[in-house]
Amino acid sequence: MRFHVLTLFPEMILQGVSHSILGRAIADGLIRVEAVNIRDFSHNKQLHVDDAPFGGGAGMVMQAPPVYEAWEAVSQKIASEQGEGIRKTRVVFMTPAGRPFSQEIARELAAEEDLILLCGHYEGIDQRVIDEIVTDEISIGDYVLTGGELPALVVMDAVSRLVPGVLGNDDSAEDESFSGMYLEYPQFTRPREYHGREVPEVLLSGHHENIRKWRLEQSMRTTMRKRPDLIDPARMSKEEAKIYRRLLAESEEYGPSSE
Ligand code: ADE
């Protein structure tokens with residue numbers, strides 16, 4: 001998986017992916033991250049890439065030519081590396097106006113060989129170059145950041161951990177034992193007792209099947225309490241549906257929680 005990030009702050013991107021699991025995945029050649037500085041494609045001595053908006057208003061707008069030429073340079077490089085069977089590389093523009101980012105979109109993007117991520121700054125980018133090169137628009141949430149670099153890092157992190165090998169052999173990016181989209185079950189490690197709180201007995205039992213069942217139930221409980229919108233009975237396995245009915249009956253018996 002190769003990411004090509006068009007940005008005014010390449011160091012921010014390269015720093016952001018240089019640590020922990022992504023840093024190791026790059027060192028192992030599982031993913032590659034290239035940051036292309038849009039400023040390198042400026043048309044003036046001052047290296048400006050922005051100008052005042054037509055029609056007036058606050059702030060500056062990123063000009064079309066440097067963005068287009070940065071994209072063109074990256075596209076040519078990708079084409080020369082791909083050789084035969086060139087596929088049009090998706091260009092993802094990070095913007096609060098985009099599709100809300102999700103695990104499903106991360107899965108979809110992880111299937112691509114190359115991805116171009118476009119980061120805006122100032123008050124935006126000239127619409128004409130967006131119309132010409134962008135294939136996807138993604139938002140990482142309903143709030144406005146100062147630029148697209150942090151959103152691009154979020155997307156690269158979520159996509160990279162789905163690339164085979166990135167999480168290592170033992171870790172699975174998506175818990176295959178659960179069919180639904182549930183929140184994490186609680187985890188514990190040594191010491192067995194901490195500030196008077198014991199580790200749940202079942203986790204010390206060594207009984208793998210009981211541990212699996214306990215974790216599934218904990219995941220479902222947490223999800224029902226904190227993110228009921230993620231629960232989809234239609235996607236449940238028989239086992240999950242049975243647990244779900246029991247937990248629903250339980251919550252009705254004890255009334256709504258005060259949380
Ligand atoms: N650029 C600025 N804010 C953003 C957001 N919330 N998501 C994606 N890109 C952005």
# chains A, B, ... in the order shown; residues from 1 in each chain; ligands from 1
call {"tool": "residues_near_ligand", "arguments": {"ligand": "ligand 1", "cutoff": "8 Å", "atoms": "only C-alpha atoms and all ligand atoms", "output": "list in words"}}
result
Phe93, Met94, Thr95, Pro96, Ala97, Gly98, Cys119, Gly120, His121, Ile138, Ser139, Ile140, Gly141, Asp142, Tyr143, Val144, Leu145, Thr146, Gly147, Gly148, Glu149, Leu150, Pro151 and Ala152 of chain A
call {"tool": "residues_around", "arguments": {"residues": "region 48-61 of chain A", "least_positions_apart": "5", "cutoff": "8 Å", "atoms": "only C-alpha atoms", "output": "list in words"}}
result
Ile38, Arg39, Ser42, His43, Pro66, His121, Tyr122, Glu123, Gly124, Ile125 and Asp126 of chain A
call {"tool": "atom_distance", "arguments": {"atom1": "CA of Trp71 (chain A)", "atom2": "CA of Met1 (chain A)"}}
result
18.0 Å
call {"tool": "select_by_dssp", "arguments": {"residues": "region 87-193 of chain A", "states": "helix (DSSP H, G or I)", "output": "ChimeraX atom specification"}}
result
/A:103-110,127-133,149-160
call {"tool": "atom_distance", "arguments": {"atom1": "CA of Ile13 (chain A)", "atom2": "CA of Asn44 (chain A)"}}
result
24.8 Å
call {"tool": "select_by_dssp", "arguments": {"residues": "region 3-159 of chain A", "states": "strand (DSSP E)", "output": "PyMOL selection string"}}
result
chain A and resi 3-7+32-37+50-51+61-62+90-100+114-119+136-139
call {"tool": "decode", "arguments": {"residues": "region 38-75 of chain A", "atoms": "N, CA, C and O atoms", "output": "mmCIF file, in the first residue's frame"}}
result
data_model
loop_
_atom_site.group_PDB
_atom_site.id
_atom_site.type_symbol
_atom_site.label_atom_id
_atom_site.label_comp_id
_atom_site.auth_asym_id
_atom_site.auth_seq_id
_atom_site.Cartn_x
_atom_site.Cartn_y
_atom_site.Cartn_z
ATOM 1 N N ILE A 38 3.253 20.808 -1.949
ATOM 2 C CA ILE A 38 2.556 21.579 -2.989
ATOM 3 C C ILE A 38 3.329 22.874 -3.302
ATOM 4 O O ILE A 38 3.322 23.360 -4.428
ATOM 5 N N ARG A 39 4.033 23.382 -2.287
ATOM 6 C CA ARG A 39 4.801 24.619 -2.474
ATOM 7 C C ARG A 39 5.900 24.465 -3.530
ATOM 8 O O ARG A 39 6.302 25.434 -4.169
ATOM 9 N N ASP A 40 6.394 23.248 -3.720
ATOM 10 C CA ASP A 40 7.414 23.009 -4.755
ATOM 11 C C ASP A 40 6.883 23.316 -6.149
ATOM 12 O O ASP A 40 7.648 23.383 -7.107
ATOM 13 N N PHE A 41 5.565 23.462 -6.269
ATOM 14 C CA PHE A 41 4.951 23.707 -7.578
ATOM 15 C C PHE A 41 4.413 25.142 -7.688
ATOM 16 O O PHE A 41 3.611 25.458 -8.555
ATOM 17 N N SER A 42 4.906 26.010 -6.784
ATOM 18 C CA SER A 42 4.522 27.416 -6.818
ATOM 19 C C SER A 42 5.018 28.054 -8.115
ATOM 20 O O SER A 42 6.031 27.635 -8.675
ATOM 21 N N HIS A 43 4.289 29.091 -8.555
ATOM 22 C CA HIS A 43 4.663 29.749 -9.814
ATOM 23 C C HIS A 43 5.360 31.082 -9.573
ATOM 24 O O HIS A 43 5.494 31.879 -10.488
ATOM 25 N N ASN A 44 5.739 31.383 -8.324
ATOM 26 C CA ASN A 44 6.378 32.689 -8.098
ATOM 27 C C ASN A 44 7.578 32.578 -7.169
ATOM 28 O O ASN A 44 7.761 31.565 -6.488
ATOM 29 N N LYS A 45 8.371 33.636 -7.171
ATOM 30 C CA LYS A 45 9.629 33.652 -6.410
ATOM 31 C C LYS A 45 9.391 33.532 -4.907
ATOM 32 O O LYS A 45 10.195 32.972 -4.177
ATOM 33 N N GLN A 46 8.269 34.075 -4.445
ATOM 34 C CA GLN A 46 7.968 34.061 -3.004
ATOM 35 C C GLN A 46 7.454 32.693 -2.554
ATOM 36 O O GLN A 46 7.216 32.473 -1.380
ATOM 37 N N LEU A 47 7.289 31.802 -3.501
ATOM 38 C CA LEU A 47 6.764 30.443 -3.242
ATOM 39 C C LEU A 47 5.339 30.459 -2.684
ATOM 40 O O LEU A 47 4.941 29.559 -1.943
ATOM 41 N N HIS A 48 4.583 31.489 -3.036
ATOM 42 C CA HIS A 48 3.176 31.528 -2.613
ATOM 43 C C HIS A 48 2.355 30.515 -3.415
ATOM 44 O O HIS A 48 2.622 30.277 -4.589
ATOM 45 N N VAL A 49 1.377 29.932 -2.741
ATOM 46 C CA VAL A 49 0.466 28.994 -3.431
ATOM 47 C C VAL A 49 -0.997 29.383 -3.183
ATOM 48 O O VAL A 49 -1.902 28.629 -3.497
ATOM 49 N N ASP A 50 -1.205 30.572 -2.574
ATOM 50 C CA ASP A 50 -2.567 30.997 -2.246
ATOM 51 C C ASP A 50 -2.783 32.423 -2.714
ATOM 52 O O ASP A 50 -1.838 33.157 -2.981
ATOM 53 N N ASP A 51 -4.049 32.797 -2.800
ATOM 54 C CA ASP A 51 -4.395 34.154 -3.215
ATOM 55 C C ASP A 51 -5.763 34.493 -2.619
ATOM 56 O O ASP A 51 -6.477 33.608 -2.138
ATOM 57 N N ALA A 52 -6.121 35.785 -2.704
ATOM 58 C CA ALA A 52 -7.401 36.241 -2.144
ATOM 59 C C ALA A 52 -8.561 35.660 -2.956
ATOM 60 O O ALA A 52 -8.433 35.454 -4.165
ATOM 61 N N PRO A 53 -9.678 35.388 -2.284
ATOM 62 C CA PRO A 53 -10.820 34.798 -3.003
ATOM 63 C C PRO A 53 -11.495 35.811 -3.934
ATOM 64 O O PRO A 53 -11.687 36.957 -3.548
ATOM 65 N N PHE A 54 -11.844 35.384 -5.150
ATOM 66 C CA PHE A 54 -12.716 36.197 -5.996
ATOM 67 C C PHE A 54 -14.031 36.370 -5.249
ATOM 68 O O PHE A 54 -14.535 35.425 -4.626
ATOM 69 N N GLY A 55 -14.592 37.567 -5.324
ATOM 70 C CA GLY A 55 -15.858 37.821 -4.646
ATOM 71 C C GLY A 55 -15.660 38.351 -3.244
ATOM 72 O O GLY A 55 -16.623 38.686 -2.555
ATOM 73 N N GLY A 56 -14.399 38.395 -2.804
ATOM 74 C CA GLY A 56 -14.086 38.946 -1.490
ATOM 75 C C GLY A 56 -14.298 37.969 -0.365
ATOM 76 O O GLY A 56 -14.631 36.800 -0.595
ATOM 77 N N GLY A 57 -14.090 38.432 0.847
ATOM 78 C CA GLY A 57 -14.247 37.561 2.018
ATOM 79 C C GLY A 57 -12.905 37.330 2.690
ATOM 80 O O GLY A 57 -11.854 37.670 2.135
ATOM 81 N N ALA A 58 -12.981 36.758 3.895
ATOM 82 C CA ALA A 58 -11.784 36.577 4.716
ATOM 83 C C ALA A 58 -10.931 35.432 4.184
ATOM 84 O O ALA A 58 -11.417 34.533 3.504
ATOM 85 N N GLY A 59 -9.661 35.482 4.525
ATOM 86 C CA GLY A 59 -8.763 34.351 4.276
ATOM 87 C C GLY A 59 -8.276 34.256 2.847
ATOM 88 O O GLY A 59 -8.586 35.099 2.000
ATOM 89 N N MET A 60 -7.496 33.225 2.618
ATOM 90 C CA MET A 60 -6.867 33.004 1.321
ATOM 91 C C MET A 60 -7.309 31.650 0.781
ATOM 92 O O MET A 60 -7.695 30.769 1.542
ATOM 93 N N VAL A 61 -7.202 31.505 -0.529
ATOM 94 C CA VAL A 61 -7.618 30.263 -1.187
ATOM 95 C C VAL A 61 -6.410 29.647 -1.883
ATOM 96 O O VAL A 61 -5.633 30.358 -2.523
ATOM 97 N N MET A 62 -6.227 28.343 -1.745
ATOM 98 C CA MET A 62 -5.134 27.666 -2.450
ATOM 99 C C MET A 62 -5.423 27.668 -3.945
ATOM 100 O O MET A 62 -6.523 27.316 -4.372
ATOM 101 N N GLN A 63 -4.411 28.047 -4.718
ATOM 102 C CA GLN A 63 -4.592 28.185 -6.168
ATOM 103 C C GLN A 63 -4.597 26.827 -6.869
ATOM 104 O O GLN A 63 -3.936 25.890 -6.429
ATOM 105 N N ALA A 64 -5.312 26.791 -7.998
ATOM 106 C CA ALA A 64 -5.433 25.534 -8.741
ATOM 107 C C ALA A 64 -4.109 25.031 -9.338
ATOM 108 O O ALA A 64 -3.797 23.836 -9.209
ATOM 109 N N PRO A 65 -3.299 25.894 -10.004
ATOM 110 C CA PRO A 65 -2.140 25.343 -10.730
ATOM 111 C C PRO A 65 -1.150 24.528 -9.874
ATOM 112 O O PRO A 65 -0.801 23.406 -10.270
ATOM 113 N N PRO A 66 -0.710 25.024 -8.700
ATOM 114 C CA PRO A 66 0.253 24.208 -7.926
ATOM 115 C C PRO A 66 -0.341 22.873 -7.476
ATOM 116 O O PRO A 66 0.356 21.842 -7.487
ATOM 117 N N VAL A 67 -1.623 22.873 -7.099
ATOM 118 C CA VAL A 67 -2.273 21.630 -6.664
ATOM 119 C C VAL A 67 -2.350 20.655 -7.836
ATOM 120 O O VAL A 67 -2.008 19.476 -7.718
ATOM 121 N N TYR A 68 -2.747 21.179 -9.003
ATOM 122 C CA TYR A 68 -2.869 20.319 -10.185
ATOM 123 C C TYR A 68 -1.517 19.733 -10.567
ATOM 124 O O TYR A 68 -1.395 18.529 -10.844
ATOM 125 N N GLU A 69 -0.492 20.562 -10.547
ATOM 126 C CA GLU A 69 0.835 20.085 -10.980
ATOM 127 C C GLU A 69 1.441 19.101 -9.982
ATOM 128 O O GLU A 69 2.156 18.173 -10.377
ATOM 129 N N ALA A 70 1.160 19.293 -8.704
ATOM 130 C CA ALA A 70 1.626 18.321 -7.695
ATOM 131 C C ALA A 70 0.963 16.966 -7.948
ATOM 132 O O ALA A 70 1.605 15.912 -7.921
ATOM 133 N N TRP A 71 -0.356 17.011 -8.242
ATOM 134 C CA TRP A 71 -1.113 15.783 -8.544
ATOM 135 C C TRP A 71 -0.573 15.109 -9.800
ATOM 136 O O TRP A 71 -0.390 13.894 -9.859
ATOM 137 N N GLU A 72 -0.268 15.951 -10.817
ATOM 138 C CA GLU A 72 0.228 15.430 -12.094
ATOM 139 C C GLU A 72 1.571 14.714 -11.891
ATOM 140 O O GLU A 72 1.787 13.614 -12.424
ATOM 141 N N ALA A 73 2.459 15.353 -11.107
ATOM 142 C CA ALA A 73 3.785 14.759 -10.860
ATOM 143 C C ALA A 73 3.645 13.408 -10.160
ATOM 144 O O ALA A 73 4.292 12.421 -10.532
ATOM 145 N N VAL A 74 2.762 13.355 -9.154
ATOM 146 C CA VAL A 74 2.546 12.108 -8.418
ATOM 147 C C VAL A 74 1.926 11.049 -9.321
ATOM 148 O O VAL A 74 2.342 9.887 -9.314
ATOM 149 N N SER A 75 0.970 11.453 -10.131
ATOM 150 C CA SER A 75 0.291 10.500 -11.019
ATOM 151 C C SER A 75 1.270 9.902 -12.016
ATOM 152 O O SER A 75 1.202 8.704 -12.325
#
